[in-house]
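Novice: Provided below: model29.cif, containing mmCIF, C-alpha atoms.
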```
data_input
loop_
_atom_site.label_atom_id
_atom_site.label_comp_id
_atom_site.auth_asym_id
_atom_site.auth_seq_id
_atom_site.Cartn_x
_atom_site.Cartn_y
_atom_site.Cartn_z
CA MET A 1 10.39 -7.02 22.89
CA GLY A 2 11.69 -4.38 25.25
CA LYS A 3 10.93 -0.82 26.22
CA MET A 4 11.96 2.16 24.16
CA MET A 5 11.75 5.92 24.56
CA LEU A 6 11.85 8.60 21.87
CA LYS A 7 13.07 11.56 23.91
CA GLY A 8 12.25 15.19 23.15
CA ILE A 9 11.14 14.51 19.58
CA LYS A 10 8.87 16.53 17.32
CA ALA A 11 5.85 14.33 16.59
CA LEU A 12 3.03 14.45 14.03
CA LEU A 13 0.01 13.76 16.23
CA PRO A 14 -3.69 13.32 15.32
CA GLY A 15 -5.19 16.43 13.78
CA ASN A 16 -1.81 17.10 12.12
CA GLU A 17 -0.52 18.76 15.28
CA ILE A 18 3.25 19.00 15.55
CA LYS A 19 4.35 18.78 19.17
CA VAL A 20 7.64 18.16 20.97
CA CYS A 21 7.12 15.25 23.32
CA ASP A 22 8.49 12.01 24.74
CA ILE A 23 7.04 8.79 23.31
CA TYR A 24 7.16 5.60 25.36
CA ILE A 25 7.02 2.21 23.63
CA ASP A 26 6.42 -0.99 25.58
CA GLY A 27 6.65 -4.14 23.48
CA SER A 28 4.79 -3.58 20.24
CA ARG A 29 2.66 -0.62 21.38
CA ILE A 30 2.83 3.05 22.24
CA ALA A 31 2.48 3.03 26.03
CA GLY A 32 2.52 6.75 26.64
CA ILE A 33 2.92 10.18 25.06
CA ASP A 34 4.58 12.82 27.24
CA LYS A 35 3.73 10.86 30.39
CA ALA A 36 5.70 7.74 31.23
CA PRO A 37 3.72 4.68 32.33
CA ALA A 38 4.17 3.75 35.97
CA GLY A 39 7.49 2.01 36.56
CA PHE A 40 8.63 2.50 32.96
CA GLU A 41 12.37 2.05 32.45
CA ALA A 42 13.58 2.26 28.87
CA ASP A 43 15.97 -0.35 27.54
CA ARG A 44 16.78 2.04 24.73
CA VAL A 45 16.50 5.82 24.34
CA ILE A 46 16.43 7.46 20.91
CA ASP A 47 17.45 11.12 21.03
CA GLY A 48 14.79 13.18 19.27
CA LYS A 49 16.94 16.25 18.70
CA ASP A 50 16.52 17.47 15.11
CA ARG A 51 14.14 14.58 14.43
CA LEU A 52 10.47 14.33 13.45
CA VAL A 53 8.44 11.17 14.07
CA ILE A 54 5.39 10.46 11.93
CA PRO A 55 2.98 7.53 11.68
CA GLY A 56 4.42 4.98 9.30
CA LEU A 57 3.05 5.51 5.79
CA ILE A 58 0.56 2.93 4.48
CA ASN A 59 0.81 1.84 0.85
CA CYS A 60 -2.66 0.50 0.13
CA HIS A 61 -2.05 -0.97 -3.31
CA THR A 62 1.07 -2.51 -4.75
CA HIS A 63 2.49 -5.70 -6.27
CA SER A 64 5.75 -6.15 -4.40
CA TYR A 65 7.00 -9.10 -6.47
CA MET A 66 7.12 -6.78 -9.51
CA ALA A 67 9.98 -4.73 -8.08
CA PHE A 68 12.55 -6.46 -10.30
CA MET A 69 10.41 -5.50 -13.34
CA ARG A 70 11.10 -1.80 -12.77
CA SER A 71 11.31 -0.02 -16.16
CA ALA A 72 10.99 -3.33 -18.04
CA SER A 73 7.95 -2.17 -20.07
CA ASP A 74 7.62 1.59 -20.32
CA ASP A 75 5.90 4.06 -22.65
CA VAL A 76 3.37 1.61 -24.12
CA PRO A 77 -0.47 1.45 -23.98
CA PHE A 78 -1.98 -0.13 -20.86
CA MET A 79 -3.10 -3.46 -22.36
CA ASP A 80 0.23 -3.80 -24.21
CA TRP A 81 2.06 -3.04 -20.97
CA LEU A 82 0.04 -5.72 -19.18
CA PHE A 83 -0.16 -8.52 -21.75
CA LYS A 84 2.98 -7.97 -23.86
CA GLY A 85 5.32 -6.52 -21.27
CA VAL A 86 4.50 -7.75 -17.77
CA SER A 87 2.70 -11.04 -18.39
CA PRO A 88 5.59 -12.74 -20.28
CA ILE A 89 7.94 -11.88 -17.41
CA GLU A 90 5.43 -13.23 -14.89
CA ASP A 91 5.12 -16.43 -16.91
CA ALA A 92 8.90 -16.93 -16.78
CA MET A 93 9.46 -16.09 -13.12
CA THR A 94 9.72 -18.63 -10.32
CA ASP A 95 8.44 -18.52 -6.74
CA GLU A 96 11.96 -17.65 -5.61
CA ASP A 97 12.01 -14.76 -8.08
CA ALA A 98 8.84 -13.42 -6.48
CA TYR A 99 10.46 -13.65 -3.04
CA TRP A 100 13.47 -11.58 -4.12
CA GLY A 101 11.18 -9.09 -5.85
CA ALA A 102 9.26 -8.66 -2.60
CA CYS A 103 12.51 -8.16 -0.70
CA LEU A 104 13.55 -5.42 -3.12
CA ALA A 105 10.16 -3.74 -2.74
CA ILE A 106 10.38 -3.87 1.05
CA LEU A 107 13.83 -2.28 0.98
CA GLU A 108 12.53 0.65 -1.03
CA MET A 109 9.35 1.07 0.99
CA MET A 110 11.01 0.82 4.38
CA LYS A 111 13.78 3.24 3.43
CA SER A 112 11.12 5.79 2.47
CA GLY A 113 9.00 5.49 5.60
CA THR A 114 6.37 2.93 4.66
CA THR A 115 5.58 0.54 7.51
CA CYS A 116 2.59 -1.33 6.04
CA PHE A 117 1.60 -2.27 2.51
CA SER A 118 -1.39 -3.98 0.93
CA ASP A 119 -0.13 -6.41 -1.68
CA MET A 120 -1.73 -8.32 -4.52
CA GLN A 121 0.54 -11.25 -5.40
CA MET A 122 0.49 -14.44 -7.43
CA ASN A 123 3.13 -16.63 -5.76
CA PRO A 124 1.63 -17.78 -2.45
CA GLY A 125 3.90 -17.54 0.55
CA MET A 126 6.72 -15.61 -1.10
CA THR A 127 5.74 -12.05 -0.12
CA SER A 128 4.67 -13.30 3.30
CA LYS A 129 8.07 -14.90 3.81
CA ALA A 130 9.80 -11.62 2.92
CA VAL A 131 7.52 -9.72 5.33
CA VAL A 132 8.24 -12.10 8.19
CA GLU A 133 12.00 -11.90 7.65
CA SER A 134 12.17 -8.13 7.18
CA GLY A 135 9.96 -7.05 10.07
CA MET A 136 7.55 -5.22 7.74
CA ARG A 137 3.76 -5.19 8.15
CA ALA A 138 1.53 -6.23 5.24
CA VAL A 139 -1.93 -7.22 4.13
CA ILE A 140 -1.66 -9.98 1.52
CA SER A 141 -4.16 -10.73 -1.25
CA ARG A 142 -3.61 -13.73 -3.49
CA GLY A 143 -4.53 -12.49 -6.98
CA LEU A 144 -7.55 -14.46 -8.20
CA VAL A 145 -8.51 -15.13 -11.80
CA GLY A 146 -11.33 -17.45 -12.79
CA SER A 147 -14.30 -18.29 -14.94
CA GLY A 148 -17.30 -19.61 -13.07
CA ASP A 149 -16.46 -22.43 -10.68
CA ASP A 150 -13.49 -23.56 -12.77
CA GLU A 151 -10.64 -25.59 -11.35
CA ALA A 152 -8.05 -22.82 -11.78
CA GLY A 153 -10.10 -20.29 -9.82
CA ARG A 154 -10.79 -22.78 -7.04
CA THR A 155 -7.09 -23.68 -6.85
CA ARG A 156 -6.15 -20.03 -6.34
CA LEU A 157 -8.76 -19.63 -3.59
CA ASP A 158 -7.42 -22.72 -1.85
CA GLN A 159 -3.89 -21.30 -2.09
CA ALA A 160 -5.08 -18.09 -0.43
CA TYR A 161 -6.55 -20.01 2.50
CA ARG A 162 -3.47 -22.21 2.90
CA GLU A 163 -1.21 -19.17 3.00
CA GLN A 164 -3.41 -17.53 5.62
CA GLU A 165 -3.19 -20.65 7.74
CA GLU A 166 0.58 -21.01 7.25
CA PHE A 167 1.31 -17.49 8.49
CA LYS A 168 -1.42 -17.17 11.11
CA ASP A 169 1.12 -16.78 13.92
CA CYS A 170 2.65 -13.58 12.50
CA ASP A 171 0.54 -10.68 13.72
CA ARG A 172 2.21 -8.34 11.24
CA LEU A 173 0.44 -10.24 8.45
CA SER A 174 -3.24 -10.23 7.60
CA PHE A 175 -5.08 -11.42 4.51
CA MET A 176 -7.76 -10.44 2.01
CA LEU A 177 -9.13 -12.04 -1.15
CA GLY A 178 -7.92 -10.46 -4.39
CA PRO A 179 -10.12 -10.93 -7.47
CA HIS A 180 -7.83 -9.36 -10.04
CA ALA A 181 -10.19 -7.29 -12.20
CA PRO A 182 -13.55 -7.47 -14.01
CA TYR A 183 -11.81 -8.32 -17.29
CA SER A 184 -9.95 -11.30 -15.76
CA CYS A 185 -12.75 -12.63 -13.52
CA ASP A 186 -16.14 -13.36 -15.04
CA GLU A 187 -19.42 -12.51 -13.33
CA ASP A 188 -19.96 -15.99 -11.90
CA PHE A 189 -16.47 -16.13 -10.43
CA LEU A 190 -16.91 -12.69 -8.86
CA ARG A 191 -20.07 -13.98 -7.17
CA ILE A 192 -18.14 -16.97 -5.85
CA VAL A 193 -15.34 -14.76 -4.46
CA ALA A 194 -17.87 -12.37 -2.91
CA LYS A 195 -19.56 -15.27 -1.11
CA GLU A 196 -16.22 -16.72 0.02
CA ALA A 197 -15.19 -13.35 1.45
CA LYS A 198 -18.45 -13.00 3.32
CA ASP A 199 -18.37 -16.58 4.63
CA HIS A 200 -14.76 -16.21 5.84
CA GLY A 201 -15.08 -12.66 7.16
CA MET A 202 -12.39 -11.41 4.78
CA GLY A 203 -12.00 -8.16 2.91
CA ILE A 204 -11.63 -7.84 -0.87
CA HIS A 205 -8.81 -6.08 -2.73
CA MET A 206 -9.53 -5.54 -6.44
CA HIS A 207 -8.59 -3.43 -9.46
CA LEU A 208 -11.64 -1.49 -10.64
CA SER A 209 -12.32 1.02 -13.43
CA GLU A 210 -8.66 1.53 -14.21
CA SER A 211 -8.71 2.16 -17.96
CA MET A 212 -11.02 3.12 -20.83
CA SER A 213 -10.40 -0.28 -22.43
CA GLU A 214 -11.69 -1.95 -19.25
CA ILE A 215 -14.81 0.22 -19.29
CA GLY A 216 -15.45 -0.68 -22.94
CA GLN A 217 -14.99 -4.41 -22.37
CA ILE A 218 -17.29 -4.54 -19.35
CA LYS A 219 -20.02 -2.43 -20.93
CA GLU A 220 -19.96 -4.57 -24.05
CA LYS A 221 -20.06 -7.84 -22.09
CA TYR A 222 -22.35 -6.95 -19.18
CA GLY A 223 -24.08 -3.71 -20.14
CA CYS A 224 -22.85 -1.85 -17.05
CA THR A 225 -19.81 -0.15 -15.54
CA PRO A 226 -17.21 -2.15 -13.57
CA ILE A 227 -18.48 -0.50 -10.38
CA GLU A 228 -22.04 -1.60 -11.14
CA LEU A 229 -20.80 -5.12 -11.90
CA ALA A 230 -18.95 -5.28 -8.58
CA GLU A 231 -22.08 -4.16 -6.76
CA ARG A 232 -24.41 -6.66 -8.40
CA THR A 233 -22.05 -9.59 -7.83
CA GLY A 234 -21.74 -8.86 -4.10
CA ILE A 235 -18.11 -7.71 -4.15
CA PHE A 236 -19.09 -4.64 -2.14
CA ASP A 237 -20.92 -6.65 0.52
CA SER A 238 -17.59 -7.15 2.31
CA ARG A 239 -15.02 -4.47 3.17
CA CYS A 240 -13.60 -3.62 -0.23
CA VAL A 241 -10.38 -1.86 -1.20
CA ALA A 242 -10.84 -0.78 -4.81
CA ALA A 243 -7.64 0.18 -6.60
CA HIS A 244 -7.55 2.95 -9.20
CA CYS A 245 -11.22 3.93 -9.84
CA VAL A 246 -10.04 6.34 -12.53
CA GLN A 247 -12.90 6.03 -15.00
CA LEU A 248 -16.05 6.72 -13.00
CA GLU A 249 -19.40 7.74 -14.41
CA GLY A 250 -23.11 7.84 -13.68
CA ASP A 251 -23.92 6.50 -10.22
CA ASP A 252 -20.48 4.95 -9.60
CA ILE A 253 -19.45 7.31 -6.81
CA GLN A 254 -22.79 7.05 -5.04
CA ILE A 255 -22.68 3.25 -5.26
CA MET A 256 -19.26 3.21 -3.60
CA LYS A 257 -20.39 5.64 -0.94
CA ASP A 258 -23.49 3.52 -0.19
CA HIS A 259 -21.33 0.41 0.26
CA ASN A 260 -18.46 2.05 2.18
CA VAL A 261 -15.97 1.12 -0.53
CA ASN A 262 -12.40 2.33 0.07
CA VAL A 263 -10.76 3.81 -3.02
CA VAL A 264 -6.98 3.60 -3.49
CA THR A 265 -5.69 6.27 -5.81
CA ASN A 266 -2.38 5.54 -7.57
CA PRO A 267 -1.45 8.83 -9.25
CA ALA A 268 1.93 7.95 -10.80
CA SER A 269 0.83 4.61 -12.22
CA ASN A 270 -2.41 6.01 -13.61
CA MET A 271 -0.58 8.85 -15.35
CA LYS A 272 2.30 6.65 -16.52
CA LEU A 273 -0.06 4.21 -18.26
CA GLY A 274 -2.15 7.01 -19.72
CA ASN A 275 -5.28 6.06 -17.80
CA GLY A 276 -6.06 9.47 -16.34
CA PHE A 277 -6.83 10.76 -12.86
CA CYS A 278 -8.96 9.28 -10.10
CA PRO A 279 -11.58 11.93 -9.14
CA VAL A 280 -10.26 12.24 -5.61
CA PRO A 281 -11.87 15.59 -4.69
CA GLU A 282 -15.26 14.37 -5.88
CA LEU A 283 -14.90 11.12 -3.94
CA MET A 284 -13.90 13.00 -0.80
CA ARG A 285 -16.85 15.38 -1.11
CA ALA A 286 -19.16 12.38 -1.40
CA GLY A 287 -17.73 10.93 1.82
CA VAL A 288 -15.83 8.02 0.25
CA ASN A 289 -12.70 6.96 2.15
CA VAL A 290 -9.74 7.66 -0.14
CA CYS A 291 -6.31 6.15 0.53
CA LEU A 292 -3.05 6.05 -1.38
CA GLY A 293 -0.95 3.45 -3.18
CA THR A 294 2.02 3.29 -5.50
CA ASP A 295 0.93 0.27 -7.57
CA GLY A 296 3.83 -1.98 -8.57
CA ALA A 297 7.29 -0.86 -9.66
CA ALA A 298 6.54 -2.20 -13.16
CA SER A 299 4.18 0.72 -13.71
CA ASN A 300 5.08 3.49 -11.23
CA ASN A 301 8.20 2.96 -11.28
CA ARG A 302 8.83 3.82 -7.62
CA LEU A 303 7.40 2.54 -4.35
CA ASN A 304 7.97 5.83 -2.56
CA MET A 305 4.93 7.19 -0.75
CA PHE A 306 6.47 10.65 -0.30
CA SER A 307 6.64 11.19 -4.06
CA GLU A 308 3.12 9.76 -4.34
CA MET A 309 1.80 12.22 -1.75
CA GLU A 310 3.24 15.18 -3.62
CA LEU A 311 1.76 13.99 -6.91
CA LEU A 312 -1.63 13.37 -5.32
CA SER A 313 -1.92 16.91 -4.04
CA LEU A 314 -0.40 18.70 -7.03
CA ILE A 315 -2.26 17.00 -9.86
CA HIS A 316 -5.66 17.77 -8.38
CA LYS A 317 -4.73 21.38 -7.70
CA GLY A 318 -3.80 21.58 -11.38
CA THR A 319 -6.69 19.68 -12.90
CA HIS A 320 -9.24 21.50 -10.72
CA ARG A 321 -7.44 24.86 -10.99
CA SER A 322 -7.65 25.27 -7.25
CA PRO A 323 -4.64 25.65 -4.93
CA GLU A 324 -6.86 24.63 -2.01
CA CYS A 325 -7.74 21.26 -3.56
CA VAL A 326 -6.42 18.18 -1.66
CA SER A 327 -4.43 20.05 0.98
CA ALA A 328 -1.24 18.85 2.63
CA LYS A 329 -3.19 17.93 5.76
CA GLU A 330 -5.72 15.93 3.76
CA THR A 331 -2.91 14.23 1.86
CA LEU A 332 -1.15 13.11 5.05
CA ASN A 333 -4.42 11.67 6.34
CA ILE A 334 -4.93 9.84 3.05
CA ALA A 335 -1.46 8.28 3.35
CA THR A 336 -1.85 7.27 7.01
CA ILE A 337 -5.13 6.97 8.93
CA ASN A 338 -7.30 6.65 5.79
CA GLY A 339 -5.13 3.75 4.68
CA ALA A 340 -5.46 2.12 8.08
CA ARG A 341 -9.23 2.56 7.87
CA ALA A 342 -9.34 0.97 4.43
CA LEU A 343 -7.49 -2.09 5.74
CA GLY A 344 -9.71 -2.35 8.82
CA MET A 345 -6.75 -1.46 11.05
CA GLU A 346 -7.57 2.08 12.17
CA SER A 347 -7.61 1.05 15.83
CA GLU A 348 -4.08 -0.37 15.49
CA ILE A 349 -2.05 1.81 13.10
CA GLY A 350 -2.21 5.03 11.09
CA SER A 351 -1.69 7.59 13.87
CA ILE A 352 0.54 8.21 16.88
CA GLU A 353 -1.76 7.46 19.81
CA GLU A 354 -1.42 5.69 23.11
CA GLY A 355 -2.39 2.03 22.81
CA LYS A 356 -1.74 1.79 19.08
CA LYS A 357 1.00 -0.26 17.47
CA ALA A 358 4.39 1.43 17.41
CA ASP A 359 4.67 1.73 13.61
CA LEU A 360 6.71 4.91 13.18
CA ALA A 361 9.07 6.66 10.78
CA VAL A 362 11.67 9.08 12.13
CA LEU A 363 12.96 11.77 9.76
CA ASP A 364 16.19 13.73 10.05
CA LEU A 365 15.20 17.40 10.01
CA LYS A 366 18.75 18.51 9.28
CA ARG A 367 18.30 17.92 5.59
CA PRO A 368 18.08 20.78 3.08
CA SER A 369 14.63 19.68 1.92
CA LEU A 370 13.21 20.24 5.41
CA GLN A 371 14.96 23.53 6.23
CA PRO A 372 13.90 25.98 7.46
CA GLU A 373 11.02 24.45 9.39
CA ASN A 374 8.34 26.90 8.24
CA ASP A 375 5.48 24.37 8.13
CA LEU A 376 6.45 20.75 8.70
CA VAL A 377 3.05 19.42 7.62
CA SER A 378 3.43 21.09 4.22
CA GLU A 379 7.08 20.14 4.01
CA LEU A 380 6.26 16.47 4.49
CA VAL A 381 4.05 16.55 1.40
CA TYR A 382 5.71 19.11 -0.87
CA CYS A 383 9.39 18.91 0.11
CA ALA A 384 10.31 15.52 1.56
CA SER A 385 11.48 12.83 -0.84
CA GLY A 386 11.95 9.92 1.55
CA TYR A 387 15.73 10.19 1.78
CA GLU A 388 15.18 12.07 5.05
CA VAL A 389 13.96 8.86 6.74
CA ASP A 390 16.58 7.82 9.28
CA THR A 391 14.83 5.28 11.52
CA VAL A 392 11.79 3.03 11.13
CA ILE A 393 10.03 1.21 13.95
CA ILE A 394 7.47 -1.50 13.16
CA ASP A 395 5.57 -3.38 15.84
CA GLY A 396 7.88 -1.82 18.41
CA GLU A 397 11.05 -3.10 16.73
CA VAL A 398 13.67 -0.97 14.97
CA THR A 399 13.84 -2.25 11.39
CA LEU A 400 15.76 0.66 9.81
CA GLU A 401 18.54 2.56 11.57
CA GLY A 402 20.71 5.28 10.08
CA GLY A 403 18.98 4.64 6.77
CA ARG A 404 20.07 0.97 6.77
CA VAL A 405 17.60 -1.90 6.72
CA LEU A 406 18.58 -4.22 9.55
CA ASN A 407 16.95 -7.53 8.65
CA LEU A 408 17.74 -7.85 4.94
CA ASP A 409 21.09 -7.96 3.16
CA GLU A 410 20.73 -5.18 0.59
CA ASN A 411 23.58 -6.27 -1.67
CA GLU A 412 22.26 -9.83 -1.76
CA VAL A 413 18.83 -8.54 -2.82
CA TYR A 414 20.33 -6.39 -5.57
CA GLU A 415 22.44 -9.25 -6.90
CA HIS A 416 19.52 -11.67 -7.02
CA THR A 417 17.09 -9.27 -8.70
CA ALA A 418 19.63 -8.30 -11.34
CA ALA A 419 20.29 -11.98 -12.06
CA ILE A 420 16.56 -12.67 -12.37
CA MET A 421 16.07 -10.16 -15.18
CA LYS A 422 19.26 -11.26 -16.89
CA ARG A 423 17.97 -14.84 -16.93
CA ILE A 424 14.46 -13.96 -18.07
CA ARG A 425 15.58 -11.50 -20.75
CA GLY A 426 18.34 -13.83 -21.94
#
```
Kindly transcribe the structure held in the file into structure tokens.
Specialist:
Amino acid sequence: MGKMMLKGIKALLPGNEIKVCDIYIDGSRIAGIDKAPAGFEADRVIDGKDRLVIPGLINCHTHSYMAFMRSASDDVPFMDWLFKGVSPIEDAMTDEDAYWGACLAILEMMKSGTTCFSDMQMNPGMTSKAVVESGMRAVISRGLVGSGDDEAGRTRLDQAYREQEEFKDCDRLSFMLGPHAPYSCDEDFLRIVAKEAKDHGMGIHMHLSESMSEIGQIKEKYGCTPIELAERTGIFDSRCVAAHCVQLEGDDIQIMKDHNVNVVTNPASNMKLGNGFCPVPELMRAGVNVCLGTDGAASNNRLNMFSEMELLSLIHKGTHRSPECVSAKETLNIATINGARALGMESEIGSIEEGKKADLAVLDLKRPSLQPENDLVSELVYCASGYEVDTVIIDGEVTLEGGRVLNLDENEVYEHTAAIMKRIRG
């Protein structure tokens, strides 16, 4: 790794301050802002004229391998989408298919300014391989399904640990345990996963309270809400990233606040599948850390955090009949530093600060969507679509330049993913 300088660039700094400055990168980290470190000589200078640099966006919940399933099961009820649409494709796919799906997802995310994603996957090693090759940053959770201490559940846990060990030397990869959902993991298995997470010092990434059908199933089986079930099984005793949390009632919000649960809202997916809206303003008022995710391309159908930011802000303004609800500034925090906090990485990523990792997205301001520059903070949320992203830097390395991903062959990815669906669909 060398030394890089972003010269005279507009930068989105902590507190949503826009400031023209020089940014100095030494190796994988930001070594200085406006003031060069002693003896600093840049190997590369990026001209910041007509450019805006922001912290790389953090997608806190997705399933990257699903990217080749985009639009494969649309306009159907949630359980039909899952068990009649997605599951048969998953049953037919190979590990190599999952790798190419992850590559396709990374292309889309990187091109739209995402520099880190939290992934729940079911083909150990495949997403991690794609991350290593592409230069992306990710937090990987092996999806876990089990009943009590059954052999299948134990096998999946063992796979999660083996993958963590296999990729331990890549500091752009970290790992969590991923119990899939309360309807696919019984109470005893959730207790086992909770203990494993605590014993291994790992976080937990889980779908919770996503649909009315889930609520009905859990209440009928356990006499409580999914949030209450997660609490009583110890899931919340470790750092937990809870995806969706759309259907909340009773003491659910207070329980999550008491246990410092991080909620990932996925607006497009939740609307697309007819599940409703996560009560983001209420969670924020209660002091719950809210972050943002796209979910997988099988349900969103995009992995674009700019479109997700716009949806997040607009839907809550509409549903709460308040134009001040979930402001642009709050939305940017949700998509950056809140996501870093949820993943336990707030000291490393999520903001442009000296000493943090150089995970940055550079936007071309000479695009019609960002002109004139009346309020760049608002324009990032309400105007930008992601096509303005010109350059991406992850861990101090340029991974996207001139809108082109450097470490993956785009045409090869497109050819493979098209062939996968052709084979599976016959």
Novice: Contacts of A:Leu104 at 12 Å or less, counting only C-alpha atoms, minus same-chain residues fewer than 2 places along, as a PyMOL selection string?
Specialist: chain A and resi 63-70+97-102+106-111+127+130-131+134+296-297+302-303+405+408-418
Novice: Just the number, please: distance in Å from atom CA of A:Asp186 to atom CA of A:Leu82, one decimal.
Specialist: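 These atoms are spaced 18.4 Å apart.
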Novice: Please identify all polymer residues within 10 Å of A:Asp237, counting all atoms listed in the file, omitting same-chain residues fewer than 5 positions from it, and present them as an mmCIF file with C-alpha atoms, in the coordinates of the input.
Specialist:
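Written out: out16.cif:
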```cif
data_model
loop_
_atom_site.group_PDB
_atom_site.id
_atom_site.type_symbol
_atom_site.label_atom_id
_atom_site.label_comp_id
_atom_site.auth_asym_id
_atom_site.auth_seq_id
_atom_site.Cartn_x
_atom_site.Cartn_y
_atom_site.Cartn_z
ATOM 1 C CA ALA A 194 -17.870 -12.370 -2.910
ATOM 2 C CA LYS A 195 -19.560 -15.270 -1.110
ATOM 3 C CA ALA A 197 -15.190 -13.350 1.450
ATOM 4 C CA LYS A 198 -18.450 -13.000 3.320
ATOM 5 C CA GLY A 203 -12.000 -8.160 2.910
ATOM 6 C CA ILE A 204 -11.630 -7.840 -0.870
ATOM 7 C CA ALA A 230 -18.950 -5.280 -8.580
ATOM 8 C CA GLU A 231 -22.080 -4.160 -6.760
ATOM 9 C CA ARG A 232 -24.410 -6.660 -8.400
ATOM 10 C CA HIS A 259 -21.330 0.410 0.260
ATOM 11 C CA ASN A 260 -18.460 2.050 2.180
ATOM 12 C CA VAL A 261 -15.970 1.120 -0.530
#
```
Novice: Decode the PyMOL selection byres ((chain A and resi 40) around 10) for the given file into explicit residues and return them as an NGL selection string.
Specialist: :A and (3-5 or 24-26 or 31-32 or 36-39 or 41-43)
Novice: With distances taken over all atoms listed in the file, which of A:Ile23, A:Ile54, A:Val145, A:Ile315 is nearest to A:Asp359?
Specialist: A:Ile54
Novice: So the first atom is atom CA of A:Ala361 and the second is atom CA of A:Ile393; what is the distance between them in Å, to one decimal place?
Specialist: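 Result for atom CA of A:Ala361 versus atom CA of A:Ile393: 6.4 Å, one decimal.
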Novice: Which neighbours of A:Gly8 fall inside 8 Å, counting all atoms listed in the file, when residues of the same chain fewer than 4 positions from it are skipped, and could you give them as a list in words?
Specialist: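 Those residues are Val20, Cys21, Asp22, Asp47, Gly48 and Lys49 of chain A.
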Novice: When you draw a straight line from atom CA of A:Pro179 to atom CA of A:Arg142, how long is it in Å?
Specialist: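 Separation of atom CA of A:Pro179 and atom CA of A:Arg142: 8.1 Å.
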Novice: Suppose a student applies the PyMOL selection byres ((chain A and resi 89) around 12) to this structure; what residues should they get, written as a PDB file with C-alpha atoms, in the coordinates of the input?
Specialist:
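Saved the output as part_36.pdb:
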```
ATOM      1  CA  TYR A  65       7.000  -9.100  -6.470  1.00  0.00           C
ATOM      2  CA  MET A  66       7.120  -6.780  -9.510  1.00  0.00           C
ATOM      3  CA  ALA A  67       9.980  -4.730  -8.080  1.00  0.00           C
ATOM      4  CA  PHE A  68      12.550  -6.460 -10.300  1.00  0.00           C
ATOM      5  CA  MET A  69      10.410  -5.500 -13.340  1.00  0.00           C
ATOM      6  CA  ARG A  70      11.100  -1.800 -12.770  1.00  0.00           C
ATOM      7  CA  ALA A  72      10.990  -3.330 -18.040  1.00  0.00           C
ATOM      8  CA  SER A  73       7.950  -2.170 -20.070  1.00  0.00           C
ATOM      9  CA  TRP A  81       2.060  -3.040 -20.970  1.00  0.00           C
ATOM     10  CA  LEU A  82       0.040  -5.720 -19.180  1.00  0.00           C
ATOM     11  CA  PHE A  83      -0.160  -8.520 -21.750  1.00  0.00           C
ATOM     12  CA  LYS A  84       2.980  -7.970 -23.860  1.00  0.00           C
ATOM     13  CA  GLY A  85       5.320  -6.520 -21.270  1.00  0.00           C
ATOM     14  CA  VAL A  86       4.500  -7.750 -17.770  1.00  0.00           C
ATOM     15  CA  SER A  87       2.700 -11.040 -18.390  1.00  0.00           C
ATOM     16  CA  PRO A  88       5.590 -12.740 -20.280  1.00  0.00           C
ATOM     17  CA  GLU A  90       5.430 -13.230 -14.890  1.00  0.00           C
ATOM     18  CA  ASP A  91       5.120 -16.430 -16.910  1.00  0.00           C
ATOM     19  CA  ALA A  92       8.900 -16.930 -16.780  1.00  0.00           C
ATOM     20  CA  MET A  93       9.460 -16.090 -13.120  1.00  0.00           C
ATOM     21  CA  THR A  94       9.720 -18.630 -10.320  1.00  0.00           C
ATOM     22  CA  ASP A  97      12.010 -14.760  -8.080  1.00  0.00           C
ATOM     23  CA  ALA A  98       8.840 -13.420  -6.480  1.00  0.00           C
ATOM     24  CA  ALA A 298       6.540  -2.200 -13.160  1.00  0.00           C
ATOM     25  CA  ILE A 420      16.560 -12.670 -12.370  1.00  0.00           C
ATOM     26  CA  MET A 421      16.070 -10.160 -15.180  1.00  0.00           C
ATOM     27  CA  LYS A 422      19.260 -11.260 -16.890  1.00  0.00           C
ATOM     28  CA  ARG A 423      17.970 -14.840 -16.930  1.00  0.00           C
ATOM     29  CA  ILE A 424      14.460 -13.960 -18.070  1.00  0.00           C
ATOM     30  CA  ARG A 425      15.580 -11.500 -20.750  1.00  0.00           C
ATOM     31  CA  GLY A 426      18.340 -13.830 -21.940  1.00  0.00           C
TER      32      GLY A 426
END
```
Novice: Applying 12 Å and all atoms listed in the file, which residues near A:Leu311 remain after dropping the ones on its own chain fewer than 3 positions away? List them as number ranges by chain.
Specialist: A: 265-271, 277, 292-294, 300, 304-308, 314-319, 326-328, 331, 381-383, 385
Novice: Measuring between only C-alpha atoms, which one of A:Leu57, A:Leu229, A:Leu365, A:Leu157 shows the shortest distance to A:Ile334?
Specialist: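 Once distances to A:Ile334 are computed over only C-alpha atoms, the minimum belongs to A:Leu57.
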Novice: Would you please work out which residue, of A:Asn301, A:Thr114, A:Thr399, A:Ser209, is nearest to A:Cys278 when using all atoms listed in the file?
Specialist: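 Smallest separation from A:Cys278 among the options: A:Ser209.
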Novice: Would you mind listing what lies within 12 Å of A:Glu166 as a ChimeraX atom specification, with all atoms listed in the file counted and same-chain residues fewer than 2 positions away left out?
Specialist: /A:124-126,128-129,132,159-164,168-170,173-175
Novice: Which residue, A:Leu190, A:Cys60, A:Cys116, A:Glu214, has the smallest gap to A:Asn338 when you use only C-alpha atoms?
Specialist: A:Cys60
Novice: Could you tell me which of A:Cys224, A:Val193, A:Met136, A:Met284 comes closest to A:Val392 if we count only C-alpha atoms?
Specialist: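 Of the candidates, the smallest distance to A:Val392 is held by A:Met136.
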